$ cat upload-v9.csv   # CSV, C-alpha atoms
chain,number,residue,atom,x,y,z
E,10,MET,CA,75.9,138.5,90.3
E,11,SER,CA,76.3,134.9,91.4
E,12,GLU,CA,73.9,133.2,93.8
E,13,GLY,CA,76.4,133.4,96.6
E,14,ASP,CA,76.7,137.2,96.1
E,15,SER,CA,73.0,137.6,96.4
E,16,LEU,CA,72.7,135.9,99.7
E,17,GLY,CA,71.8,137.9,102.7
E,18,THR,CA,73.4,137.5,106.1
E,19,VAL,CA,71.9,136.1,109.3
E,20,TYR,CA,72.9,137.7,112.6
E,21,LEU,CA,72.4,135.6,115.7
E,22,VAL,CA,72.1,138.5,118.2
E,23,GLY,CA,71.9,138.4,122.0
E,24,SER,CA,69.7,141.2,123.3
E,25,GLY,CA,71.0,140.9,126.9
E,26,PRO,CA,68.9,140.4,130.0
E,27,GLY,CA,66.1,142.8,129.0
E,28,ASP,CA,67.1,146.4,129.8
E,29,PRO,CA,67.6,148.2,126.5
E,30,ASP,CA,70.6,150.1,128.0
E,31,LEU,CA,72.4,146.7,128.2
E,32,LEU,CA,72.2,146.0,124.5
E,33,THR,CA,75.6,146.0,122.9
E,34,VAL,CA,76.3,148.8,120.4
E,35,ARG,CA,76.6,146.1,117.7
E,36,ALA,CA,73.2,144.6,118.6
E,37,ALA,CA,71.5,148.0,118.6
E,38,ASP,CA,73.0,148.9,115.2
E,39,LEU,CA,71.9,145.5,113.6
E,40,ILE,CA,68.4,145.7,115.0
E,41,GLU,CA,68.0,149.2,113.4
E,42,SER,CA,69.5,148.2,110.0
E,43,ALA,CA,68.0,144.7,109.6
E,44,ASP,CA,65.4,144.0,106.9
E,45,VAL,CA,63.7,141.4,109.2
E,46,VAL,CA,64.0,140.6,112.9
E,47,LEU,CA,62.9,137.2,114.0
E,48,HIS,CA,62.3,137.2,117.8
E,49,ASP,CA,60.5,135.5,120.6
E,50,LYS,CA,59.3,137.2,123.9
E,51,LEU,CA,62.5,136.9,125.9
E,52,PRO,CA,64.1,140.2,124.7
E,53,GLY,CA,61.2,142.0,126.5
E,54,PRO,CA,58.7,144.7,125.4
E,55,GLU,CA,61.1,147.6,125.9
E,56,ILE,CA,63.5,146.2,123.3
E,57,LEU,CA,60.8,144.7,120.9
E,58,GLY,CA,59.0,148.0,121.0
E,59,ARG,CA,61.9,149.7,119.3
E,60,ILE,CA,61.5,147.5,116.2
E,61,PRO,CA,59.1,148.7,113.6
E,62,GLU,CA,56.2,146.2,113.5
E,63,GLU,CA,56.5,145.7,109.7
E,64,LYS,CA,59.9,144.1,110.1
E,65,ARG,CA,59.2,142.0,113.1
E,66,GLU,CA,58.4,138.3,113.0
E,67,ASP,CA,57.4,136.6,116.2
E,68,VAL,CA,58.8,133.0,116.3
E,69,GLY,CA,58.0,132.5,119.9
E,70,LYS,CA,54.6,131.8,121.5
E,71,ARG,CA,51.7,131.7,119.0
E,72,ALA,CA,47.9,132.0,119.4
E,73,GLY,CA,46.4,129.2,121.4
E,74,GLY,CA,49.5,128.8,123.5
E,75,GLU,CA,51.5,126.9,120.9
E,76,TRP,CA,55.2,127.5,120.3
E,77,THR,CA,56.8,128.0,116.9
E,78,PRO,CA,58.7,124.8,116.1
E,79,GLN,CA,62.5,125.3,115.9
E,80,GLU,CA,62.4,123.6,112.5
E,81,TYR,CA,60.2,126.4,111.2
E,82,THR,CA,62.6,129.1,112.6
E,83,ASN,CA,65.5,127.3,111.0
E,84,ARG,CA,63.8,127.2,107.6
E,85,ARG,CA,62.6,130.8,107.8
E,86,LEU,CA,66.2,132.1,108.5
E,87,VAL,CA,67.4,130.3,105.3
E,88,GLU,CA,64.5,131.5,103.2
E,89,LEU,CA,65.0,135.1,104.1
E,90,ALA,CA,68.7,135.0,103.6
E,91,ARG,CA,68.2,133.4,100.1
E,92,GLU,CA,66.0,136.4,99.3
E,93,GLY,CA,69.0,138.6,100.0
E,94,LYS,CA,67.7,140.0,103.2
E,95,SER,CA,69.7,141.1,106.3
E,96,VAL,CA,68.2,139.0,109.0
E,97,VAL,CA,68.5,139.4,112.8
E,98,ARG,CA,67.6,136.4,114.9
E,99,LEU,CA,67.1,138.2,118.2
E,100,LYS,CA,67.4,136.2,121.4
E,101,GLY,CA,67.3,137.0,125.1
E,102,GLY,CA,70.7,137.0,126.9
E,103,ASP,CA,73.4,135.5,124.8
E,104,PRO,CA,72.5,133.4,121.8
E,105,PHE,CA,74.8,130.6,122.8
E,106,VAL,CA,73.7,130.2,126.4
E,107,PHE,CA,70.6,128.0,126.4
E,108,GLY,CA,69.3,130.0,123.4
E,109,ARG,CA,69.5,127.4,120.6
E,110,GLY,CA,72.0,129.6,118.8
E,111,GLY,CA,74.3,126.6,118.3
E,112,GLU,CA,71.5,124.7,116.5
E,113,GLU,CA,70.7,127.6,114.3
E,114,ALA,CA,74.4,128.2,113.4
E,115,GLU,CA,74.8,124.6,112.4
E,116,HIS,CA,71.6,124.7,110.3
E,117,LEU,CA,72.8,127.9,108.5
E,118,ALA,CA,76.2,126.4,107.8
E,119,ASP,CA,74.6,123.2,106.4
E,120,ALA,CA,72.5,125.5,104.1
E,121,GLU,CA,75.7,127.5,103.2
E,122,ILE,CA,74.2,130.7,104.6
E,123,PRO,CA,76.7,133.3,105.9
E,124,PHE,CA,76.0,134.3,109.5
E,125,GLU,CA,77.5,136.3,112.3
E,126,VAL,CA,77.2,135.7,116.1
E,127,VAL,CA,76.7,138.8,118.2
E,128,PRO,CA,77.2,137.9,121.9
E,129,GLY,CA,74.9,139.4,124.5
E,130,VAL,CA,75.1,140.0,128.2
E,131,THR,CA,73.8,136.6,129.5
E,132,SER,CA,71.1,136.8,132.1
E,133,ALA,CA,72.9,133.9,133.9
E,134,ILE,CA,75.4,136.5,135.2
E,135,ALA,CA,73.5,139.7,134.8
E,136,GLY,CA,70.4,138.6,136.6
E,137,PRO,CA,72.2,137.7,139.9
E,138,ALA,CA,74.5,140.8,139.5
E,139,VAL,CA,71.7,143.4,139.4
E,140,ALA,CA,70.3,141.7,142.5
E,141,GLY,CA,73.6,142.3,144.3
E,142,ILE,CA,74.7,138.7,143.9
E,143,PRO,CA,78.1,137.9,142.4
E,144,VAL,CA,78.2,134.4,140.9
E,145,THR,CA,81.8,134.1,142.1
E,146,HIS,CA,83.4,135.5,145.3
E,147,ARG,CA,86.8,135.0,146.8
E,148,ASP,CA,85.3,134.1,150.2
E,149,HIS,CA,82.4,132.0,149.0
E,150,ALA,CA,82.7,130.5,145.5
E,151,SER,CA,85.5,130.0,143.0
E,152,SER,CA,83.3,128.1,140.4
E,153,VAL,CA,79.9,128.5,138.9
E,154,SER,CA,77.7,126.1,137.0
E,155,PHE,CA,74.9,127.1,134.6
E,156,VAL,CA,72.0,124.7,134.2
E,157,THR,CA,68.7,124.8,132.3
E,158,GLY,CA,65.6,124.1,134.3
E,159,HIS,CA,63.7,123.5,131.1
E,160,GLU,CA,65.1,120.7,129.0
E,161,ASP,CA,64.0,119.4,125.7
E,162,PRO,CA,60.7,117.5,126.6
E,163,THR,CA,61.5,114.8,124.0
E,164,LYS,CA,64.4,113.6,126.1
E,165,GLU,CA,63.8,110.3,127.8
E,166,GLU,CA,65.7,111.4,130.9
E,167,SER,CA,67.3,114.5,132.2
E,168,ALA,CA,70.9,115.3,131.1
E,169,VAL,CA,71.4,117.3,134.4
E,170,ASP,CA,73.4,115.4,137.0
E,171,TRP,CA,72.1,117.0,140.2
E,172,ASP,CA,74.2,114.6,142.3
E,173,ALA,CA,77.4,115.8,140.6
E,174,LEU,CA,76.4,119.5,140.9
E,175,ALA,CA,75.7,119.1,144.6
E,176,ALA,CA,79.1,117.6,145.1
E,177,THR,CA,80.9,120.2,143.0
E,178,GLY,CA,80.2,123.1,145.3
E,179,GLY,CA,80.4,126.7,144.1
E,180,THR,CA,77.5,128.6,142.7
E,181,LEU,CA,74.6,127.0,140.8
E,182,VAL,CA,72.6,129.2,138.5
E,183,VAL,CA,69.4,127.7,137.0
E,184,LEU,CA,67.7,129.4,134.1
E,185,MET,CA,64.1,128.8,133.2
E,186,GLY,CA,63.7,126.8,136.4
E,187,VAL,CA,60.9,128.4,138.4
E,188,GLY,CA,58.3,125.8,137.6
E,189,LYS,CA,60.5,122.8,138.4
E,190,LEU,CA,61.9,124.4,141.5
E,191,PRO,CA,60.4,121.8,143.9
E,192,ALA,CA,61.9,118.9,141.9
E,193,TYR,CA,65.5,120.1,141.6
E,194,THR,CA,65.7,121.5,145.1
E,195,ALA,CA,64.6,118.1,146.4
E,196,GLU,CA,67.2,116.4,144.2
E,197,LEU,CA,69.9,118.6,145.5
E,198,ARG,CA,68.9,118.0,149.1
E,199,ASP,CA,68.8,114.2,148.4
E,200,ALA,CA,72.3,114.5,146.9
E,201,GLY,CA,73.6,116.0,150.2
E,202,LEU,CA,73.4,119.7,149.7
E,203,ASP,CA,72.6,121.4,153.1
E,204,GLY,CA,69.0,122.6,153.4
E,205,ASP,CA,70.3,125.9,154.9
E,206,THR,CA,72.1,126.7,151.6
E,207,PRO,CA,71.1,130.3,150.5
E,208,VAL,CA,68.9,130.6,147.5
E,209,ALA,CA,67.7,133.6,145.5
E,210,LEU,CA,65.1,134.0,142.8
E,211,VAL,CA,65.4,137.0,140.4
E,212,GLU,CA,62.3,137.6,138.3
E,213,ARG,CA,62.5,139.8,135.2
E,214,ALA,CA,66.1,140.9,136.0
E,215,THR,CA,67.0,144.4,134.8
E,216,ARG,CA,63.5,145.3,133.8
E,217,PRO,CA,61.3,148.0,135.6
E,218,ASP,CA,59.2,145.3,137.3
E,219,MET,CA,62.2,143.2,138.5
E,220,ARG,CA,61.6,141.4,141.8
E,221,VAL,CA,63.9,139.4,144.1
E,222,ALA,CA,63.0,136.8,146.7
E,223,THR,CA,65.5,135.0,149.0
E,224,GLY,CA,65.4,131.9,151.2
E,225,THR,CA,67.2,128.6,151.6
E,226,LEU,CA,67.1,125.3,149.9
E,227,ASP,CA,64.5,124.2,152.4
E,228,THR,CA,62.3,127.3,152.2
E,229,ILE,CA,62.6,128.6,148.7
E,230,VAL,CA,59.6,126.8,147.3
E,231,GLU,CA,57.4,128.4,150.0
E,232,VAL,CA,59.1,131.7,149.4
E,233,ARG,CA,58.4,131.5,145.7
E,234,ASP,CA,54.7,130.7,146.3
E,235,GLU,CA,54.2,133.5,148.9
E,236,ALA,CA,56.0,136.1,146.7
E,237,GLY,CA,54.2,134.9,143.5
E,238,ILE,CA,57.5,134.7,141.6
E,239,GLU,CA,56.8,133.7,137.9
E,240,PRO,CA,58.9,133.2,134.8
E,241,PRO,CA,61.1,134.5,133.5
E,242,ALA,CA,63.2,134.1,136.6
E,243,ILE,CA,66.7,132.9,137.5
E,244,THR,CA,67.5,130.7,140.5
E,245,VAL,CA,70.9,131.2,142.3
E,246,ILE,CA,71.9,128.5,144.7
E,247,GLY,CA,75.0,128.8,147.0
E,248,ASP,CA,76.6,131.0,149.6
E,249,VAL,CA,76.9,133.9,147.3
E,250,ALA,CA,73.1,134.3,147.3
E,251,ALA,CA,73.4,135.6,150.9
E,252,THR,CA,75.5,138.5,149.7
E,253,ARG,CA,72.4,140.4,148.6
E,254,ASP,CA,71.3,140.8,152.2
E,255,ARG,CA,74.6,142.5,153.1
E,256,VAL,CA,74.5,145.0,150.2
E,257,VAL,CA,70.8,145.6,149.3
E,258,GLY,CA,70.5,148.7,151.4
E,259,TYR,CA,72.9,150.5,149.1
E,260,LEU,CA,72.0,148.7,145.8
E,261,ARG,CA,70.3,150.9,143.2
E,262,ASN,CA,69.6,148.3,140.6
E,263,ASP,CA,66.3,147.4,142.2
E,264,ASP,CA,65.3,150.3,144.3
E,265,ALA,CA,61.8,151.6,144.9
E,266,GLU,CA,61.4,152.7,141.3
E,267,ARG,CA,61.8,149.1,140.3
E,268,GLY,CA,59.3,147.7,142.8
E,269,ASP,CA,61.7,145.4,144.6
E,270,GLY,CA,59.7,142.5,146.1
E,271,ALA,CA,62.3,141.3,148.5
$ encode --input "upload-v9.csv" --output "structure tokens"
Amino acid sequence: MSEGDSLGTVYLVGSGPGDPDLLTVRAADLIESADVVLHDKLPGPEILGRIPEEKREDVGKRAGGEWTPQEYTNRRLVELAREGKSVVRLKGGDPFVFGRGGEEAEHLADAEIPFEVVPGVTSAIAGPAVAGIPVTHRDHASSVSFVTGHEDPTKEESAVDWDALAATGGTLVVLMGVGKLPAYTAELRDAGLDGDTPVALVERATRPDMRVATGTLDTIVEVRDEAGIEPPAITVIGDVAATRDRVVGYLRNDDAERGDGA
């Protein structure tokens, strides 16, 4: 058998927004059959609890509050594949939506490791949806922009052009942006976005303890603090955020069993 034949395959798998029922069939099959699953905390305890402990490797937060360097994860994927193992790199949402899947794919290609991308239901769409908020709507928004609220801290300046986003209109969905909510809501207001623009925060979307809080660009920071909204949460900015108020009475994604905090 040649060295190429002995290589294992790496699967860059999206686990969806957190509810195990929203795993794709392909993702569920690979998680069950993999030799090793490298994961962080984003898939959530319900999904991670389905994986036998002996084949899980946590490459997220470590003891002492440190995070596993991306360089380590890249090296580990290659090492395991060269041992002939079937390796799942399990990510929250979709692996190519703010999940560093693109970086890992390039690293695997550079190392000549075969890999497969398994798309997941991105929380950028699923989070608002289960809160009764469509990211596009014929009457309110014909475009949507996805933004990370947590950029690479080594960057000298932000790559997000808040002025342009404010001018674009449509829906703005910010992932991993709860902590920096005061900063970017202020930037959007300074860029001319109306302070009355509806805003929603969706915490732990699709999970049993999901909570939703709504306000406006002017009030959402106070709403966040009063409701105690914490990561992981999604921010939805735009007229579509007000849709929730019109449908929530009949919405069963976050009824009493889920402990809706709205």
$ closest_residue --input "upload-v9.csv" --among "E:Pro26, E:Pro78, E:Gly108, E:Gly188" --to "Ile134 of chain E" --atoms "all atoms listed in the file"
E:Pro26
$ residues_around --input "upload-v9.csv" --residues "Gly23 of chain E" --least-positions-apart "4" --cutoff "7 Å" --atoms "all atoms listed in the file" --output "PyMOL selection string"
chain E and resi 99-104+127-129
$ residues_near_point --input "upload-v9.csv" --point "(56.0, 135.7, 125.3)" --cutoff "8 Å" --atoms "only C-alpha atoms" --output "ChimeraX atom specification"
/E:49-51,69-70
$ closest_residue --input "upload-v9.csv" --among "E:Leu260, E:Leu21, E:Val139, E:Leu31" --to "Glu112 of chain E" --atoms "all atoms listed in the file"
E:Leu21
$ closest_residue --input "upload-v9.csv" --among "E:Val169, E:Val34, E:Val153, E:Val45" --to "Lys94 of chain E" --atoms "all atoms listed in the file"
E:Val45
$ atom_distance --input "upload-v9.csv" --atom1 "atom CA of Arg255 of chain E" --atom2 "atom CA of Asp148 of chain E"
13.9 Å
$ residues_near_point --input "upload-v9.csv" --point "(81.5, 135.5, 110.7)" --cutoff "12 Å" --atoms "all atoms listed in the file" --output "PyMOL selection string"
chain E and resi 18-21+114+117-118+122-127
$ atom_distance --input "upload-v9.csv" --atom1 "atom CA of Ser42 of chain E" --atom2 "atom CA of Val130 of chain E"
20.7 Å
$ closest_residue --input "upload-v9.csv" --among "E:Ile229, E:Ala140, E:Ala43, E:Val187" --to "Val256 of chain E" --atoms "all atoms listed in the file"
E:Ala140
$ atom_distance --input "upload-v9.csv" --atom1 "atom CA of Val156 of chain E" --atom2 "atom CA of Glu113 of chain E"
20.2 Å
$ residues_around --input "upload-v9.csv" --residues "segment 172-177 of chain E" --least-positions-apart "3" --cutoff "9 Å" --atoms "all atoms listed in the file" --output "ChimeraX atom specification"
/E:152,154,169,181,196-202
$ closest_residue --input "upload-v9.csv" --among "E:Val68, E:Val245, E:Val208, E:Val97" --to "Ala36 of chain E" --atoms "only C-alpha atoms"
E:Val97
$ closest_residue --input "upload-v9.csv" --among "E:Val230, E:Ala251, E:Val221, E:Ile243" --to "Thr206 of chain E" --atoms "all atoms listed in the file"
E:Ala251
